[in-house]
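K.L.:
Structure in structure tokens, see below.
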Amino acid sequence: MSEVTATQGAAALVRCPHCEETVPPGAYCGSCGGHLADAQAHRRHSYAAAPHERVHRATVISTLFPHLPHRHAHVFREILGGGVAVVILLAALRLYTPATLVAALLLPVLYVLYLYEVEVYEHEPWTVIATTFVAGAALGTAYSLVLSHFSSLSLGGTDKGALVSGVVLPVIVQVLMVAGPLLLIRRAHFDETLDGLTFGVASALGFTLALVVAGEWHVLTAALRGSGVPADSMLRIVRTAIVAAVVNATTTGLITATLWQRWHGRSRGRHRSASRGLPASALVAFLAQVGLGLASYFIGDLLLLVIVWAMAAMLLLVWLRVVLHHALLDEGAEHHIGPLGVCPECHHVVPTMLFCPSCGAARSAGPKHLRTAAAPIGEAPA
Amino acid sequence: MSAVTPQWSPYAAVPHAHVPRRLGDHRVRLFAIGAILALVVVISAAATLVHPTPQPCGLYCGPQTQAPLAAASTYTNSAHGFSIDYPADRLSVAVDKPDTVEFHSDGGPIQFQVVRAASLDAAVSQAQQQLDGSIFQDMQEVGAVRGAEIGYVPGRGTVWSATYQPSDGGNPGPVRIAIIAAQSGGLTVVATMFSDYDSGTDHAPYGLSGDATFDYPISGFHFPGQQ
């Protein structure tokens with residue numbers, strides 16, 4: 001166990017009932033993240049990246065943008081909600097071109113702002129953008145062009161059959177979305193599970209953006225005000241540009257996050273489970289893509305299809321949160337009580353540890369540029 | 001040392017304004033809206049520039065030449081006794097069922113289906129309602145097919161516009177769908193065909209880019225007992 005320096009000035013140390021380490025007092029153990037007053041180490045009531053939220057909750061921002069402190073997350077949540085409302089309004093007014101573009105750009109633009117805000121890319125912004133967003137977009141464009149070359153019109157929607165349409169093509173899409181981030185896996189400084197998640201999500205969002213723009217090119221070149229049925233177009237745009245982006249980001253993030261966790265070996269083995277490992281996560285991701293591919297092939301009703309995709313997106317988000325939560329609880333170096341610093345999540349001045357003793361937020365889920373922020377002079381634990 | 005954990009936080013908090021941020025709330029809103037608007041404009045402009053437009057050649061145009069027609073093949077339906085002559089180099093039988101035969105071509109598919117309906121208009125309407133709404137989205141009626149016929153038997157027909165959304169995740173696009181129904185000798189047949197939308201009214205009056213391909217099997221359709 002590490003020694004506690006006099007500068008920390010903490011009150012009496014306590015023993016964590018989960019990891020048995022001697023840690024500073026607070027609601028959470030700074031070493032393992034367990035709730036000190038609770039016998040259960042899994043703390044399902046408090047998501048490790050956003051402790052004010054339950055783990056089993058389907059939210060886009062705190063799952064796909066986990067580095068955002070909750071005081072900053074509300075702006076992203078507002079923009080996402082407002083953006084979806086604008087898309088629906090534009091589609092209702094039959095302005096399909098702007099509706100399609102706003103829907104396609106909404107999540108990718110938010111993600112670029114997120115990358116800048118939390119500085120996930122550290123000192124390599126262009127490398128990260130090129131191997132994630134740009135590589136994803138390039139592969140998405142190439143896939144779309146190749147697919148259109150081999151497609152022919154059919155009254156059944158495809159002449160390829162369920163196997164190719166529902167199984168082979170979704171698997172290819174998933175493999176392509178994972179390809180770009182693999183170029184970063186050997187970088188030693190991108191060794192955290194959330195680094196893998198971020199790169200996977202960025203790649204998937206770039207890929208989906210390219211698919212939508214290339215696939216809906218006929219809408220973009222048509223008259224500004226379309227003539228189709230607004231409800232049909234609205235459902236199509238929401239599914240292909242927004243719900244599909246969330247699904248793709250979640251499945252790809254699931255694979256890359258667990259891949260990063262395994263590759264960099266940061267697991268302490270406390271929360272390891274076969275159901276949350278790389279093989280299981282990859283299986284869930286590919287099964288989800290295949291299941292939705294088959295649903296798109298067999299389900300004829302557009303509204304039902306959107307509902308199926310939306311429900312799948314919510315389930316995948318919850319699954320990803322469970323995986324990330326346990327990965328964050330599991331991840332870290334040896335037990336160490338560091339100097340005082342401001343927690344990016346709750347803004348309390350706490351000893352620098354793997355988890356904030358006050359709010360339980362994983363330190364690796366905070367913005368990278370704030371992790372070394374020094375406490376203001378004169379601030380000390382009460 | 002104690003195992004008892006306090007529920008209160010023993011640590012002081014700093015004012016939120018003292019925690020550094022790279023972007024404030026207003027800037028995030030401003031940059032997000034600005035970036036989305038700018039990219040919408042850029043992509044729309046690119047789409048307008050890249051949009052292929054027909055190049056009229058006027059007097060300098062030569063005659064459109066095509067490969068000579070190959071000898072026709074004949075499809076025969078044993079369940080109902082009708083037959084269809086079709087160019088085997090352009091069309092292939094993709095679906096062959098007792099009540100249905102579907103041909104595929106580069107221009108699009110054409111399906112002939114034996115149906116029961118109270119009238120030809122009802123048969124057309126019935127066939128249109130059978131189309132999968134998730135594949136043919138935004139369907140809107142364009143108008144009636146003037147002089148509609150199958151195998152030179154006068155019938156009724158209607159054209160619709162729609163957005164074709166392939167179920168294999170392929171690229172969607174605007175299409176025109178034509179449905180024609182005709183009846184002879186107690187057999188009601190509905191022909192359903194669609195192809196990419198073609199705005200050239202001189203060669204594609206109903207907007208079907210593949211209508212030249214469809215003409216052959218429609219004209220070559222023989223009701224039972226018809227030569």
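Each chain of the structure tokens is named A, B, ... in the order shown, its residues numbered from 1; ligands are numbered from 1 in display order.
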If we count only C-alpha atoms and set the cut-off at 8 Å, which residues sit around segment 100-110 of chain B, ignoring sequence neighbours fewer than 2 positions away in its own chain? Please answer as a list in words.

P.N.:
Ser152, Leu153, Ser154 and Leu155 of chain A; Arg90, Leu91, Ser92, Val93, Ala94, Val95, Asp96, Lys97, Pro98, Phe112, Gln113, Val114, Ala191, Thr192, Met193, Phe194, Ser195, Asp196, Ser209, Gly210, Asp211, Thr213 and Phe214 of chain B

K.L.:
Identify all residues of segment 77-185 of chain B in strand (DSSP E or B) (DSSP on the backbone) and supply them as a ChimeraX atom specification.

P.N.:
/B:83-87,92-96,100-104,110-115,136-144,149-150,153-164,173-184

K.L.:
With 6 Å as the limit and counting only C-alpha atoms, what residues in chain A lie close to chain B? Please list them as a compact mmCIF listing (two decimals) with C-alpha atoms, in the first residue's frame.

P.N.:
# COMPACT_ATOMS: atom_id res chain seq x y z
CA LEU A 13 -8.06 6.50 6.53
CA VAL A 14 -10.61 3.73 6.23
CA ARG A 15 -10.43 0.19 5.02
CA GLY A 26 -15.53 9.34 1.26
CA ALA A 27 -18.54 7.75 -0.36
CA LEU A 36 -17.83 2.14 0.80
CA ALA A 37 -21.20 1.88 2.54
CA LEU A 101 -27.78 16.38 -43.98
CA GLU A 117 -13.31 19.36 -25.45
CA LEU A 153 -33.46 -3.52 -58.68
CA SER A 154 -35.82 -6.14 -57.36
CA GLY A 157 -35.91 -5.14 -52.25
CA THR A 158 -32.84 -7.17 -53.14
CA SER A 165 -28.31 -9.06 -47.29
CA GLY A 215 -26.60 6.60 -50.35
CA THR A 221 -29.33 16.59 -55.83
CA GLY A 228 -42.76 12.30 -50.97
CA VAL A 229 -44.83 11.41 -47.92
CA ASP A 232 -42.14 7.94 -44.61
CA SER A 296 -34.37 -4.87 -42.45
CA TYR A 297 -34.67 -7.71 -44.95
CA GLY A 300 -42.02 -4.70 -44.34
CA ASP A 301 -43.53 -2.03 -42.13
CA LEU A 302 -41.35 1.08 -41.97
CA HIS A 347 -15.19 19.51 -8.50
CA HIS A 348 -14.24 18.40 -5.01
CA VAL A 349 -10.59 18.63 -4.00
CA SER A 358 -16.24 11.81 -3.18
CA PRO A 381 -10.28 18.35 2.70
CA ALA A 382 -12.49 19.53 5.49

K.L.:
Pull the helix (DSSP H, G or I) assignments for segment 2-161 of chain B out of DSSP run on the backbone, and list those residues as a PyMOL selection string.

P.N.:
chain B and resi 16-18+25-50+58-60+120-130

K.L.:
Go ahead and dump the residues you just picked, N, CA and C atoms, as a compact mmCIF listing (two decimals), in the first residue's frame.

P.N.:
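Everything below was put into out.txt:
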# COMPACT_ATOMS: atom_id res chain seq x y z
N HIS B 16 -17.38 26.04 -9.70
CA HIS B 16 -17.35 25.42 -11.04
C HIS B 16 -16.57 26.27 -12.04
N ALA B 17 -16.65 27.58 -11.86
CA ALA B 17 -15.98 28.47 -12.82
C ALA B 17 -14.47 28.32 -12.76
N HIS B 18 -13.96 27.78 -11.64
CA HIS B 18 -12.50 27.64 -11.50
C HIS B 18 -11.95 26.39 -12.18
N ASP B 25 -20.12 26.44 -22.67
CA ASP B 25 -21.41 25.98 -23.20
C ASP B 25 -21.81 26.74 -24.47
N HIS B 26 -21.64 28.06 -24.43
CA HIS B 26 -22.04 28.87 -25.58
C HIS B 26 -21.22 28.53 -26.81
N ARG B 27 -19.94 28.32 -26.59
CA ARG B 27 -19.08 27.99 -27.74
C ARG B 27 -19.45 26.63 -28.33
N VAL B 28 -19.76 25.66 -27.45
CA VAL B 28 -20.16 24.34 -27.97
C VAL B 28 -21.39 24.50 -28.84
N ARG B 29 -22.39 25.26 -28.35
CA ARG B 29 -23.62 25.46 -29.15
C ARG B 29 -23.28 26.16 -30.46
N LEU B 30 -22.48 27.20 -30.34
CA LEU B 30 -22.15 28.00 -31.53
C LEU B 30 -21.40 27.17 -32.56
N PHE B 31 -20.38 26.44 -32.11
CA PHE B 31 -19.58 25.64 -33.04
C PHE B 31 -20.40 24.50 -33.65
N ALA B 32 -21.24 23.88 -32.84
CA ALA B 32 -22.05 22.76 -33.36
C ALA B 32 -22.99 23.26 -34.44
N ILE B 33 -23.72 24.31 -34.14
CA ILE B 33 -24.69 24.83 -35.13
C ILE B 33 -23.95 25.35 -36.35
N GLY B 34 -22.86 26.10 -36.11
CA GLY B 34 -22.10 26.66 -37.23
C GLY B 34 -21.51 25.58 -38.12
N ALA B 35 -20.93 24.54 -37.49
CA ALA B 35 -20.32 23.46 -38.27
C ALA B 35 -21.36 22.70 -39.08
N ILE B 36 -22.50 22.42 -38.47
CA ILE B 36 -23.54 21.68 -39.19
C ILE B 36 -24.06 22.52 -40.36
N LEU B 37 -24.31 23.80 -40.11
CA LEU B 37 -24.81 24.66 -41.20
C LEU B 37 -23.78 24.76 -42.33
N ALA B 38 -22.52 24.96 -41.95
CA ALA B 38 -21.48 25.10 -42.98
C ALA B 38 -21.35 23.83 -43.81
N LEU B 39 -21.38 22.68 -43.13
CA LEU B 39 -21.25 21.41 -43.86
C LEU B 39 -22.48 21.12 -44.72
N VAL B 40 -23.65 21.52 -44.24
CA VAL B 40 -24.87 21.35 -45.05
C VAL B 40 -24.72 22.14 -46.35
N VAL B 41 -24.22 23.37 -46.22
CA VAL B 41 -24.04 24.22 -47.41
C VAL B 41 -22.99 23.62 -48.34
N VAL B 42 -21.86 23.19 -47.78
CA VAL B 42 -20.76 22.65 -48.61
C VAL B 42 -21.21 21.38 -49.35
N ILE B 43 -21.84 20.45 -48.62
CA ILE B 43 -22.24 19.19 -49.26
C ILE B 43 -23.35 19.44 -50.29
N SER B 44 -24.28 20.35 -49.97
CA SER B 44 -25.33 20.67 -50.93
C SER B 44 -24.73 21.27 -52.19
N ALA B 45 -23.75 22.16 -52.02
CA ALA B 45 -23.11 22.78 -53.18
C ALA B 45 -22.39 21.71 -54.00
N ALA B 46 -21.69 20.81 -53.33
CA ALA B 46 -20.99 19.74 -54.04
C ALA B 46 -21.98 18.85 -54.78
N ALA B 47 -23.09 18.55 -54.14
CA ALA B 47 -24.09 17.70 -54.78
C ALA B 47 -24.65 18.37 -56.03
N THR B 48 -24.85 19.67 -55.95
CA THR B 48 -25.37 20.41 -57.10
C THR B 48 -24.37 20.39 -58.24
N LEU B 49 -23.08 20.55 -57.91
CA LEU B 49 -22.05 20.59 -58.96
C LEU B 49 -21.83 19.21 -59.58
N VAL B 50 -21.87 18.19 -58.76
CA VAL B 50 -21.58 16.84 -59.25
C VAL B 50 -22.80 16.21 -59.92
N GLY B 58 -28.60 18.04 -79.91
CA GLY B 58 -29.29 18.66 -81.03
C GLY B 58 -28.99 17.98 -82.35
N LEU B 59 -28.62 18.79 -83.34
CA LEU B 59 -28.42 18.27 -84.69
C LEU B 59 -27.20 17.37 -84.79
N TYR B 60 -26.30 17.49 -83.84
CA TYR B 60 -25.06 16.72 -83.93
C TYR B 60 -25.22 15.28 -83.44
N LEU B 120 -60.43 -4.61 -63.34
CA LEU B 120 -59.02 -4.35 -63.66
C LEU B 120 -58.45 -3.28 -62.73
N ASP B 121 -59.26 -2.25 -62.45
CA ASP B 121 -58.79 -1.20 -61.54
C ASP B 121 -58.51 -1.78 -60.15
N ALA B 122 -59.39 -2.71 -59.74
CA ALA B 122 -59.18 -3.34 -58.43
C ALA B 122 -57.91 -4.19 -58.44
N ALA B 123 -57.65 -4.84 -59.57
CA ALA B 123 -56.43 -5.65 -59.68
C ALA B 123 -55.18 -4.79 -59.58
N VAL B 124 -55.23 -3.63 -60.24
CA VAL B 124 -54.08 -2.71 -60.18
C VAL B 124 -53.88 -2.21 -58.75
N SER B 125 -54.99 -1.81 -58.13
CA SER B 125 -54.92 -1.28 -56.77
C SER B 125 -54.40 -2.35 -55.79
N GLN B 126 -54.90 -3.57 -56.00
CA GLN B 126 -54.47 -4.69 -55.15
C GLN B 126 -52.96 -4.92 -55.28
N ALA B 127 -52.46 -4.89 -56.50
CA ALA B 127 -51.03 -5.11 -56.74
C ALA B 127 -50.19 -4.00 -56.12
N GLN B 128 -50.70 -2.78 -56.20
CA GLN B 128 -49.95 -1.65 -55.63
C GLN B 128 -49.87 -1.79 -54.10
N GLN B 129 -50.98 -2.24 -53.50
CA GLN B 129 -50.99 -2.39 -52.04
C GLN B 129 -50.10 -3.55 -51.58
N GLN B 130 -49.84 -4.48 -52.48
CA GLN B 130 -48.97 -5.61 -52.11
C GLN B 130 -47.49 -5.22 -52.06

K.L.:
Do you know which residues are at most 10 Å from Ala223 of chain A counting only C-alpha atoms, after dropping those on the same chain fewer than 4 positions away, and could you put them as a ChimeraX atom specification?

P.N.:
/A:95-97,218-219,227

K.L.:
May I have the residues within 9 Å of Tyr111 of chain A as a list in words, using only C-alpha atoms and disregarding those fewer than 2 positions away in the same chain?

P.N.:
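After dropping sequence-adjacent residues, the list is Leu64, Phe65, Leu106, Leu107, Pro108, Val109, Leu113, Tyr114, Leu115, Tyr116, Val201, Ala202 and Leu205 of chain A.
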